[in-house]
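Trainee: Have a look at the structure that comes next, please.
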Amino acid sequence: MGQGRLGRALLIMFDFSIISTWFNDLLQVTLGCPSWLAITIECVIVGLLIIVGYALLAIALIFMERKVCAYFQCRLGPMRVGPWGLLQVFADVLKMLIKEIFFVDKADKLLYALAPVLVIVGSVGAFSFLPWNNGAVILDFNVGIFLYTAVSAIGVIGVFLAGWSSNNKYGLVSAMRGAVQMISYEMSLGLCLITATILTGTMQVSGIVEAQSGPFGWLIFQGHVPAIIAFFIFLIAGNAEANRGPFDLAEAESELTAGYHTEYSGMGFGFYYLAEFLNLFIVAGMTTLVFLGGWCPIHIGVDGFDAVMDYIPGIVWFLGKAFAMVWLLMWIKWTFPRLRIDQILNLEWKYLMPLALFNLILMTVCVACGLTGIMGVGIVVAAVIIVVLAIIAIRAIKFSAQFKEAQHLVGVDAAIKKD
């Protein structure tokens, strides 16, 4: 019992609301700021933190993408700029910042300038709903999941306007592809989120996380079969909605040059580039929120083990789970070939959405009949997941050993085979 109380105390210790309450008291009580001024200062600081976190995560994700891509293609990736190529992304950002931004002839200049702003606004807005830690959910409304879907849909308008306003037929075709794909797969995303809210009983972000805080309480354990089905549908639909491979037909280089952002240069292109990588993280973060417990640690009902897990801060749990999902989505991108547009739409309308509708009914029946939250079923699901992860790890270690034997790393060169 003492260890259980220690775990609960540690959860309170890592409650970020303590910091926000202290800062609010500092402004209003200690410094005597009026309420409106204190709220304004807090909003500005939170906004700056969102932008800084957005930029830092984008840098990390771009570097991770290059290294993961290189790993799957038996290469090294960036190695020349900085140690292990760590400064390559910063060099690319500097190059992008100093590139000239120009408007295309006969383009709709207002919409042309507005499109990348809408994309980045939708991405940053969706980013603000992620549950970083207990007490560190920036936008935590009672209809948070519903509002998240509305805000994230703003990016669809930005994608369509980019192709429409560029006076480029390749860009227009790409924009049409991107818009119809994103709108289609948002249907399955929404159905999966509804499936989750049926089990948790709330649409509030913090409430969804708190509903997964018990032993084997993550939704993927509580909801067993319907939750696992929703988990896979959500990953596939999220990957498609973010225009990531193998669903990146909107950026098919062989037929559309570069897609809807063909006519953008400098930071106009940079906004689309940032949004693509952060949308990847947002999909991974929402998957973590809805199915993997958000910031909640793994608990198995043993006080000693649970207390040790509680030592790990919630933000570490959230980032660890989210980056694991990012790696999984990158694995999918660099494994499967790009699909055709008819295959992409057939997958959604003929398979994923009907399956998501059936799964919604299945989850409703399970909740109504009290077939969820059974610890024995949760233990079985956890055991299966551990076996799958162990197989993946063993194969990855074996591949890494073979790669090192087959390739010679010479200085900063990629790889040189024996003559």
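In the structure tokens, the first chain shown is A, the next is B, and so on; residue numbers restart at 1 for each chain, and ligands run from 1 in the order shown.
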Running DSSP on the backbone, which parts of range 92-291 of chain A land in helix (DSSP H, G or I), as a ChimeraX atom specification?
Mentor: /A:92-98,109-127,144-152,154-165,169-200,205-210,219-222,224-241,249-251,253-256,266-291
Trainee: Deliver the residues from the most recent selection as a file, using C-alpha atoms, as a compact mmCIF listing (two decimals), in the first residue's frame.
Mentor:
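Below you can see result33.txt, which holds the result:
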# COMPACT_ATOMS: atom_id res chain seq x y z
CA ASP A 92 18.76 23.02 -44.91
CA VAL A 93 16.67 25.40 -42.80
CA LEU A 94 19.20 28.19 -43.34
CA LYS A 95 19.20 27.56 -47.09
CA MET A 96 15.39 27.64 -47.15
CA LEU A 97 15.25 30.89 -45.19
CA ILE A 98 17.54 32.76 -47.59
CA LYS A 109 -1.77 36.11 -55.43
CA LEU A 110 -4.07 36.33 -52.40
CA LEU A 111 -4.93 32.63 -52.36
CA TYR A 112 -1.35 31.73 -53.36
CA ALA A 113 -0.03 33.51 -50.25
CA LEU A 114 -2.87 32.33 -48.00
CA ALA A 115 -2.62 28.59 -48.78
CA PRO A 116 0.62 27.73 -46.88
CA VAL A 117 -0.57 29.83 -43.93
CA LEU A 118 -3.78 27.80 -43.69
CA VAL A 119 -1.81 24.56 -43.80
CA ILE A 120 0.52 25.63 -40.99
CA VAL A 121 -2.38 27.05 -38.92
CA GLY A 122 -4.29 23.77 -39.16
CA SER A 123 -1.17 21.80 -38.26
CA VAL A 124 -0.24 24.00 -35.27
CA GLY A 125 -3.86 24.02 -34.10
CA ALA A 126 -4.07 20.21 -34.15
CA PHE A 127 -0.64 20.05 -32.48
CA GLY A 144 -11.79 18.27 -27.55
CA ILE A 145 -11.79 15.34 -29.98
CA PHE A 146 -14.57 16.92 -32.04
CA LEU A 147 -12.74 20.25 -32.14
CA TYR A 148 -9.48 18.51 -33.09
CA THR A 149 -11.09 17.01 -36.19
CA ALA A 150 -12.48 20.43 -37.15
CA VAL A 151 -9.16 22.27 -36.72
CA SER A 152 -7.09 19.63 -38.51
CA ILE A 154 -8.25 23.40 -42.18
CA GLY A 155 -5.17 21.93 -43.84
CA VAL A 156 -7.35 20.41 -46.60
CA ILE A 157 -8.34 23.93 -47.68
CA GLY A 158 -4.68 25.00 -47.77
CA VAL A 159 -3.72 22.02 -49.95
CA PHE A 160 -6.55 22.66 -52.40
CA LEU A 161 -5.91 26.40 -52.62
CA ALA A 162 -2.20 25.82 -53.29
CA GLY A 163 -2.92 23.89 -56.47
CA TRP A 164 -5.87 26.05 -57.52
CA SER A 165 -4.08 29.38 -57.16
CA LYS A 169 -2.15 22.09 -64.11
CA TYR A 170 0.14 19.60 -62.35
CA GLY A 171 -0.43 21.41 -59.08
CA LEU A 172 -4.19 21.47 -59.66
CA VAL A 173 -4.39 17.73 -60.36
CA SER A 174 -2.31 17.07 -57.26
CA ALA A 175 -4.50 19.36 -55.15
CA MET A 176 -7.62 17.55 -56.31
CA ARG A 177 -6.05 14.20 -55.47
CA GLY A 178 -4.87 15.44 -52.09
CA ALA A 179 -8.22 16.98 -51.14
CA VAL A 180 -10.33 13.97 -52.10
CA GLN A 181 -7.91 11.63 -50.32
CA MET A 182 -7.76 13.68 -47.11
CA ILE A 183 -11.52 14.21 -46.96
CA SER A 184 -12.18 10.51 -47.62
CA TYR A 185 -9.85 9.19 -44.94
CA GLU A 186 -11.09 11.69 -42.36
CA MET A 187 -14.30 9.63 -42.35
CA SER A 188 -12.49 6.57 -41.00
CA LEU A 189 -10.47 8.71 -38.58
CA GLY A 190 -13.65 10.19 -37.16
CA LEU A 191 -15.31 6.80 -36.79
CA CYS A 192 -12.28 5.46 -34.90
CA LEU A 193 -12.36 8.45 -32.55
CA ILE A 194 -16.08 7.88 -31.93
CA THR A 195 -15.31 4.23 -31.18
CA ALA A 196 -12.81 5.36 -28.55
CA THR A 197 -15.19 7.87 -26.96
CA ILE A 198 -17.85 5.15 -26.61
CA LEU A 199 -15.47 3.19 -24.40
CA THR A 200 -14.05 6.14 -22.42
CA VAL A 205 -8.50 14.90 -24.08
CA SER A 206 -7.53 14.72 -20.40
CA GLY A 207 -10.60 12.57 -19.67
CA ILE A 208 -9.65 10.04 -22.36
CA VAL A 209 -6.16 9.72 -20.85
CA GLU A 210 -7.47 9.42 -17.29
CA LEU A 219 -7.59 1.37 -24.54
CA ILE A 220 -5.89 -1.25 -26.69
CA PHE A 221 -6.05 -3.56 -23.62
CA GLN A 222 -9.47 -2.51 -22.31
CA HIS A 224 -9.41 -5.79 -26.92
CA VAL A 225 -10.75 -6.80 -30.38
CA PRO A 226 -12.68 -3.63 -31.38
CA ALA A 227 -9.95 -1.40 -29.97
CA ILE A 228 -7.21 -3.24 -31.89
CA ILE A 229 -9.24 -3.00 -35.11
CA ALA A 230 -9.77 0.74 -34.52
CA PHE A 231 -6.05 1.13 -33.76
CA PHE A 232 -4.99 -0.28 -37.14
CA ILE A 233 -7.69 1.61 -39.06
CA PHE A 234 -6.66 4.83 -37.33
CA LEU A 235 -2.99 4.31 -38.23
CA ILE A 236 -3.77 3.59 -41.89
CA ALA A 237 -6.27 6.43 -42.24
CA GLY A 238 -4.00 8.86 -40.39
CA ASN A 239 -1.09 7.97 -42.63
CA ALA A 240 -3.26 8.59 -45.70
CA GLU A 241 -4.73 11.81 -44.30
CA LEU A 249 0.14 10.16 -54.64
CA ALA A 250 -0.44 13.92 -54.41
CA GLU A 251 3.34 14.31 -54.61
CA GLU A 253 7.27 13.05 -58.77
CA SER A 254 7.11 10.98 -61.95
CA GLU A 255 3.81 12.49 -63.05
CA LEU A 256 3.16 15.67 -61.02
CA GLY A 266 11.62 29.34 -49.88
CA MET A 267 9.48 29.29 -46.78
CA GLY A 268 6.31 28.92 -48.85
CA PHE A 269 7.51 25.40 -49.57
CA GLY A 270 8.98 25.22 -46.06
CA PHE A 271 5.52 25.56 -44.48
CA TYR A 272 4.26 22.54 -46.41
CA TYR A 273 7.40 20.61 -45.57
CA LEU A 274 7.06 21.37 -41.84
CA ALA A 275 3.35 20.58 -41.81
CA GLU A 276 3.91 17.19 -43.45
CA PHE A 277 6.33 16.05 -40.76
CA LEU A 278 4.35 17.52 -37.87
CA ASN A 279 1.14 15.99 -39.20
CA LEU A 280 2.99 12.67 -39.01
CA PHE A 281 3.75 13.35 -35.34
CA ILE A 282 0.18 14.53 -34.70
CA VAL A 283 -1.21 11.25 -36.07
CA ALA A 284 1.26 9.35 -33.87
CA GLY A 285 0.37 11.54 -30.87
CA MET A 286 -3.37 11.07 -31.33
CA THR A 287 -2.83 7.32 -31.66
CA THR A 288 -0.92 7.46 -28.38
CA LEU A 289 -3.68 9.53 -26.77
CA VAL A 290 -6.60 7.38 -27.85
CA PHE A 291 -5.19 3.84 -27.78
Trainee: List the spatial neighbours of Gly301 in chain A as a VMD selection string - criterion: any atom at most 10 Å away, only C-alpha atoms, same-chain residues fewer than 2 positions off excluded.
Mentor: chain A and resid 4 214 to 216 298 to 299 303 to 306 375
Trainee: Tell me, as a PyMOL selection string, which residues lie within 10 Å of Gly77 in chain A, counting only C-alpha atoms; anything in the same chain fewer than 2 positions away does not count.
Mentor: chain A and resi 63-71+73-75+79-80+84-85+413-414
Trainee: In Å to one decimal, how far is CA of Gly259 in chain A from CA of Phe247 in chain A?
Mentor: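 Atom-to-atom, CA of Phe247 in chain A to CA of Gly259 in chain A, that is 13.0 Å.
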Trainee: From the list A:Leu130, A:Cys369, A:Ile50, A:Val104, which residue is nearest Leu319 in chain A when using only C-alpha atoms?
Mentor: A:Leu130
Trainee: Show me, as a list in words, the residues that have an atom within 10 Å of Arg338 in chain A when counting only C-alpha atoms, minus same-chain residues fewer than 3 positions from it.
Mentor: Arg244, Gly245, Pro246, Phe247, Asp248, Leu249, Ala252, Lys333, Trp334, Thr335, Ile341, Gln343 and Ile344 of chain A
Trainee: Have a look at A:Met309, A:Ala322, A:Val381, A:Ile138 and name the one nearest to Trp218 in chain A; count only C-alpha atoms.
Mentor: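 Of all the options, A:Val381 lies closest to Trp218 in chain A.
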